[in-house]
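To start, the structure itself, in structure tokens.
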There are 2 protein chains.
Amino acid sequence: MMVSSDSTAIPGFPDKVEVVDVGPRDGLQSEGTWIDTEQKVALINGLIEAGVRHLEVTSFVSPRAVPQMKDAAEVMAGIDRSKGAVLTALVPNARGAQRAVEAGIDAMVVFMSASESHNLKNVNRTRETSLEGFREICRIAEPADVQVYGAIATAFGCPFEGNVAVEDVVDVARAYRDMGITKISLGDTTGMATPPIVRERCQALKTHVPEADIALHFHNTRGVGLACVYTGLLEGITRFEASIGGLGGCPFAPKATGNICTEDLVYMLHESGVETGIDLERLIAVSRRTEQMIGRSLPGQVMKAGPRLELHDTGSVATADARANG
Amino acid sequence: MMVSSDSTAIPGFPDKVEVVDVGPRDGLQSEGTWIDTEQKVALINGLIEAGVRHLEVTSFVSPRAVPQMKDAAEVMAGIDRSKGAVLTALVPNARGAQRAVEAGIDAMVVFMSASESHNLKNVNRTRETSLEGFREICRIAEPADVQVYGAIATAFGCPFEGNVAVEDVVDVARAYRDMGITKISLGDTTGMATPPIVRERCQALKTHVPEADIALHFHNTRGVGLACVYTGLLEGITRFEASIGGLGGCPFAPKATGNICTEDLVYMLHESGVETGIDLERLIAVSRRTEQMIGRSLPGQVMKAGPRLELHDTGSVATADARANG
């Protein structure tokens, strides 16, 4: 019999997306354990070697507040710049911006929450005060020819307030746009994003802040991280943030996972006909080394199972009668 | 500012789906450990109490081949039938069919693989011989007024052969249809389904075996289980199989997960405007008890993080400067 088939792509998905690995910053910071500078550098260079071209590598924050990131400049100094990978770092204030410029960052990421209570709790400032601080950061970045990206935390929900109005997210994106920041990421800080909320926010930003170049940053805290990516792809989003191996966690749910896993994301994208420029096999190797580095099993699945066409010998595995459909 | 928004549904998703919990059979069998009959019954009755109305509760197989299922009749005898939940069980042959009828099953599930090598390995028969056996099973089921469902293992890929032609899946579905079996589930035996392959198979079956009422049975072995559900929903599928807590595993990838997790599936469905009739909070409670029963951490995420609007006090969690977007 003949059956016509197309099993290589999903209509509506873009042909190509940028995958941003935030594991070295977001992932390691949430893990909480100290990782040596050389190990961080090896992780970052491994990701670059696997074809990752966008990485959030560190943050230039107070070493007292976030001791895991105190070696930001040393990490930067060790990174292989020959492949042209775009390196970004979180920057909370003018002091951090100056350190980031000195360290040779490509883009600094400023960040605030869409919900007032989370912003107050996270950076001890109102949203208005956060925005004022960003203007100062922009004044440092511009003459140094360093880009500024804007992150919006709690963009899909707030652990203190619950639902976050789409208007609040649009307002922050507008404020960013008004100061010339158009690379904007929506952060799913505690894993509250769902497909309909993702769809609503993407459509509202497309309508009201069309200049924004949106990235989506999901956590898999409630298991639906890649389903949210699916929605984002259908909405035409072409930049996604993820963490190698699913490195990281969630302070509100100690046993749950944090960031979506980079290699699982890349696997889904490639299998759905979306190019990333990344070599999945190499990425899996980096993920397995990251598990050893961090000393615990990470949530990534593809590194445990291997790519889908990694075949088995019929003699290699005992299956039992009635295991079918299992 | 005003922003029009619809954050309650995904266009193209059905309004309502049937969630089939296969944890008591598929999940427990893959776990490999012995669970007492009373505990199995408590698990099944807990699921029914949470609103699950379709359950694969056991299998009537040789106690030597699958010792975990040797108490199939005793399990059946303990199940609360007052809510009208539909109970199914795997049945490999005429002997099993007779036992299933005697135990009062609602529907028996016959199963074979779309790939010849997996069928030979799993049940030691060619596909042709499997089909012959099903005719005998149907002859036992019919006078007893018991339904017969058909499962197709390796429907999205085979661990021995790699890709499985869509034609092979359609051929098995046709053979089922020709013997009067129209409730057909496509099993993702070792987690090889991807969104485009799901789409292709759903469309081919709709075209070539329109009488088939298709269920999808995904494993999360490579992290994309709920993304595959997403595709199935867009293709109009309204029956999905999952396992409470993500109970189960994969014999080909010992550290990877098996079945998609029922409560994570239900969470995604409800949040996407799809009704299931299931009470998520109660389901989470069952999942947490299942973790205790099985004595290990299960892969389900929602049971660890709680529903998305479970709020936190701002004093309850330490966040650090620069944790935003994390």
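In the structure tokens, each chain is lettered A, B, ... as it comes, each chain's residues begin at 1, and ligands are numbered from 1 in order of appearance.
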
*Residue list (strand (DSSP E), DSSP) for stretch 87-116 of chain A, as a ChimeraX atom specification*: /A:87-90,107-113

Would you mind exporting the chosen residues as a PDB file, in the first residue's frame, restricted to N, CA and C atoms?
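So the final result, stored in again31.pdb, reads:
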ATOM      1  N   LEU A  87      28.682  36.182  23.830  1.00  0.00           N
ATOM      2  CA  LEU A  87      28.684  35.954  25.275  1.00  0.00           C
ATOM      3  C   LEU A  87      27.903  37.052  25.976  1.00  0.00           C
ATOM      4  N   THR A  88      26.972  36.634  26.826  1.00  0.00           N
ATOM      5  CA  THR A  88      26.214  37.617  27.604  1.00  0.00           C
ATOM      6  C   THR A  88      26.403  37.346  29.087  1.00  0.00           C
ATOM      7  N   ALA A  89      26.133  38.378  29.884  1.00  0.00           N
ATOM      8  CA  ALA A  89      26.221  38.226  31.341  1.00  0.00           C
ATOM      9  C   ALA A  89      25.179  39.104  31.997  1.00  0.00           C
ATOM     10  N   LEU A  90      24.685  38.667  33.133  1.00  0.00           N
ATOM     11  CA  LEU A  90      23.746  39.483  33.892  1.00  0.00           C
ATOM     12  C   LEU A  90      24.486  40.637  34.567  1.00  0.00           C
ATOM     13  N   ALA A 107      27.337  41.308  25.266  1.00  0.00           N
ATOM     14  CA  ALA A 107      26.064  41.946  25.597  1.00  0.00           C
ATOM     15  C   ALA A 107      25.804  41.772  27.087  1.00  0.00           C
ATOM     16  N   MET A 108      25.306  42.820  27.716  1.00  0.00           N
ATOM     17  CA  MET A 108      24.930  42.686  29.127  1.00  0.00           C
ATOM     18  C   MET A 108      23.418  42.583  29.224  1.00  0.00           C
ATOM     19  N   VAL A 109      22.981  41.762  30.166  1.00  0.00           N
ATOM     20  CA  VAL A 109      21.550  41.518  30.335  1.00  0.00           C
ATOM     21  C   VAL A 109      21.068  42.229  31.598  1.00  0.00           C
ATOM     22  N   VAL A 110      20.183  43.202  31.424  1.00  0.00           N
ATOM     23  CA  VAL A 110      19.534  43.803  32.596  1.00  0.00           C
ATOM     24  C   VAL A 110      18.243  43.045  32.851  1.00  0.00           C
ATOM     25  N   PHE A 111      17.760  43.076  34.080  1.00  0.00           N
ATOM     26  CA  PHE A 111      16.619  42.221  34.397  1.00  0.00           C
ATOM     27  C   PHE A 111      15.742  42.856  35.457  1.00  0.00           C
ATOM     28  N   MET A 112      14.462  42.670  35.298  1.00  0.00           N
ATOM     29  CA  MET A 112      13.497  43.080  36.311  1.00  0.00           C
ATOM     30  C   MET A 112      12.286  42.165  36.186  1.00  0.00           C
ATOM     31  N   SER A 113      11.450  42.174  37.207  1.00  0.00           N
ATOM     32  CA  SER A 113      10.287  41.298  37.204  1.00  0.00           C
ATOM     33  C   SER A 113       9.059  42.061  36.707  1.00  0.00           C
TER      34      SER A 113
END

*Determine, counting only C-alpha atoms, which protein, DNA and RNA residues have an atom within 10 Å of an atom of A:Leu283; residues of the same chain fewer than 6 positions away are not included. Present the result as a list of chain:residue names.*
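Non-adjacent residues within range: A:Gly46, A:Leu47, A:Ile48, A:Glu49, A:Ala50, A:Gly51, A:Val52, A:Ile244, A:Gly245, A:Thr262, A:Glu263, A:Asp264, A:Val266, A:Arg289, A:Met303.
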
Those same residues, written as a compact mmCIF listing (two decimals), in the first residue's frame with all heavy atoms?
# COMPACT_ATOMS: atom_id res chain seq x y z
N GLY A 46 33.25 23.76 25.93
CA GLY A 46 32.65 22.54 25.40
C GLY A 46 31.36 22.85 24.65
O GLY A 46 31.10 22.30 23.57
N LEU A 47 30.57 23.75 25.21
CA LEU A 47 29.32 24.15 24.55
C LEU A 47 29.61 24.84 23.22
O LEU A 47 28.96 24.58 22.21
CB LEU A 47 28.52 25.09 25.46
CG LEU A 47 27.89 24.42 26.70
CD1 LEU A 47 27.40 25.48 27.70
CD2 LEU A 47 26.73 23.51 26.30
N ILE A 48 30.62 25.71 23.23
CA ILE A 48 30.98 26.42 21.98
C ILE A 48 31.46 25.42 20.94
O ILE A 48 31.09 25.49 19.77
CB ILE A 48 32.05 27.50 22.28
CG1 ILE A 48 31.44 28.61 23.13
CG2 ILE A 48 32.64 28.05 20.98
CD1 ILE A 48 32.44 29.65 23.66
N GLU A 49 32.26 24.46 21.38
CA GLU A 49 32.76 23.44 20.46
C GLU A 49 31.63 22.59 19.87
O GLU A 49 31.72 22.11 18.74
CB GLU A 49 33.74 22.53 21.21
CG GLU A 49 34.89 22.05 20.37
CD GLU A 49 35.92 21.38 21.26
OE1 GLU A 49 36.51 22.07 22.15
OE2 GLU A 49 36.12 20.18 21.10
N ALA A 50 30.56 22.42 20.64
CA ALA A 50 29.41 21.65 20.15
C ALA A 50 28.53 22.49 19.21
O ALA A 50 27.53 21.99 18.69
CB ALA A 50 28.57 21.15 21.33
N GLY A 51 28.88 23.77 19.05
CA GLY A 51 28.15 24.58 18.09
C GLY A 51 27.22 25.62 18.71
O GLY A 51 26.53 26.34 17.98
N VAL A 52 27.19 25.71 20.03
CA VAL A 52 26.36 26.73 20.67
C VAL A 52 27.00 28.09 20.42
O VAL A 52 28.20 28.25 20.63
CB VAL A 52 26.22 26.47 22.19
CG1 VAL A 52 25.33 27.54 22.84
CG2 VAL A 52 25.63 25.07 22.44
N ILE A 244 22.21 23.40 29.82
CA ILE A 244 22.79 22.09 29.50
C ILE A 244 22.43 21.07 30.60
O ILE A 244 22.60 21.34 31.79
CB ILE A 244 24.33 22.19 29.31
CG1 ILE A 244 24.91 20.86 28.88
CG2 ILE A 244 25.04 22.72 30.55
CD1 ILE A 244 24.67 20.51 27.44
N GLY A 245 21.88 19.95 30.19
CA GLY A 245 21.52 18.89 31.14
C GLY A 245 20.30 19.22 31.98
O GLY A 245 19.83 18.40 32.76
N THR A 262 18.96 21.90 27.50
CA THR A 262 19.40 22.30 26.15
C THR A 262 19.38 21.15 25.16
O THR A 262 18.86 21.29 24.05
CB THR A 262 20.82 22.90 26.21
OG1 THR A 262 20.85 23.92 27.21
CG2 THR A 262 21.21 23.50 24.86
N GLU A 263 19.93 20.00 25.55
CA GLU A 263 20.03 18.93 24.54
C GLU A 263 18.66 18.32 24.23
O GLU A 263 18.42 17.87 23.11
CB GLU A 263 21.07 17.86 24.92
CG GLU A 263 20.76 17.02 26.12
CD GLU A 263 21.25 17.65 27.42
OE1 GLU A 263 21.50 18.86 27.47
OE2 GLU A 263 21.36 16.91 28.43
N ASP A 264 17.74 18.32 25.22
CA ASP A 264 16.39 17.85 24.92
C ASP A 264 15.69 18.83 23.96
O ASP A 264 14.99 18.42 23.04
CB ASP A 264 15.56 17.69 26.21
CG ASP A 264 16.06 16.53 27.09
OD1 ASP A 264 17.10 15.92 26.74
OD2 ASP A 264 15.43 16.24 28.12
N VAL A 266 17.25 20.83 21.79
CA VAL A 266 17.89 20.69 20.47
C VAL A 266 17.40 19.43 19.77
O VAL A 266 17.13 19.43 18.56
CB VAL A 266 19.43 20.69 20.62
CG1 VAL A 266 20.13 20.25 19.34
CG2 VAL A 266 19.92 22.08 21.05
N ARG A 289 29.38 15.16 30.84
CA ARG A 289 30.51 15.68 31.65
C ARG A 289 29.99 16.65 32.71
O ARG A 289 30.55 16.71 33.82
CB ARG A 289 31.51 16.41 30.74
CG ARG A 289 32.30 15.48 29.81
CD ARG A 289 33.61 16.11 29.33
NE ARG A 289 33.43 17.35 28.57
CZ ARG A 289 33.26 17.41 27.25
NH1 ARG A 289 33.24 16.31 26.52
NH2 ARG A 289 33.13 18.58 26.65
N MET A 303 20.38 12.67 27.08
CA MET A 303 21.73 12.17 27.43
C MET A 303 21.67 10.78 28.06
O MET A 303 22.63 10.04 28.03
CB MET A 303 22.46 13.15 28.34
CG MET A 303 21.94 13.17 29.75
SD MET A 303 23.14 13.88 30.89
CE MET A 303 22.08 14.79 31.99

*What's the 7 Å shell around B:Leu233, counting only C-alpha atoms, without same-chain residues fewer than 5 positions away, as a list in words?*
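Contacts, in chain order: Phe13, Pro14 and Thr238 of chain B.
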
*Contacts of stretch 198-203 of chain A at 8 Å or less, counting only C-alpha atoms, minus same-chain residues fewer than 4 places along, as an NGL selection string?*
(:A and (156 or 166 or 169 or 193-194 or 207 or 228 or 231-232 or 235)) or (:B and (5-7))

*Might you pull out every residue within 8 Å of A:Gly273, with only C-alpha atoms counted and same-chain residues fewer than 5 positions away left off, and present them as a list of chain:residue names?*
A:Thr8, A:Ala9, A:Ile10, A:Asp15

*Might you pull out every residue within 8 Å of B:Gly225, with only C-alpha atoms counted and same-chain residues fewer than 5 positions away left off, and present them as a ChimeraX atom specification?*
/B:191,193,218-220,260

*asked:* To one decimal place in Å, what is the distance between atom CA of A:Val209 and atom CA of A:Pro195?
replied: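 Atom CA of A:Pro195 lies at a distance of 20.5 Å from atom CA of A:Val209.
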
_Residue among A:Gln98, A:Asn122, A:Asn93, A:Gln292 lying closest to chain B, counting only C-alpha atoms_ =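 Smallest distance to chain B is found for A:Asn122.
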
*Between B:Met69, B:Ile152, B:Ala103, B:Val19, single out the one closest to chain A, counting only C-alpha atoms.*
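Nearest to chain A: B:Ile152.
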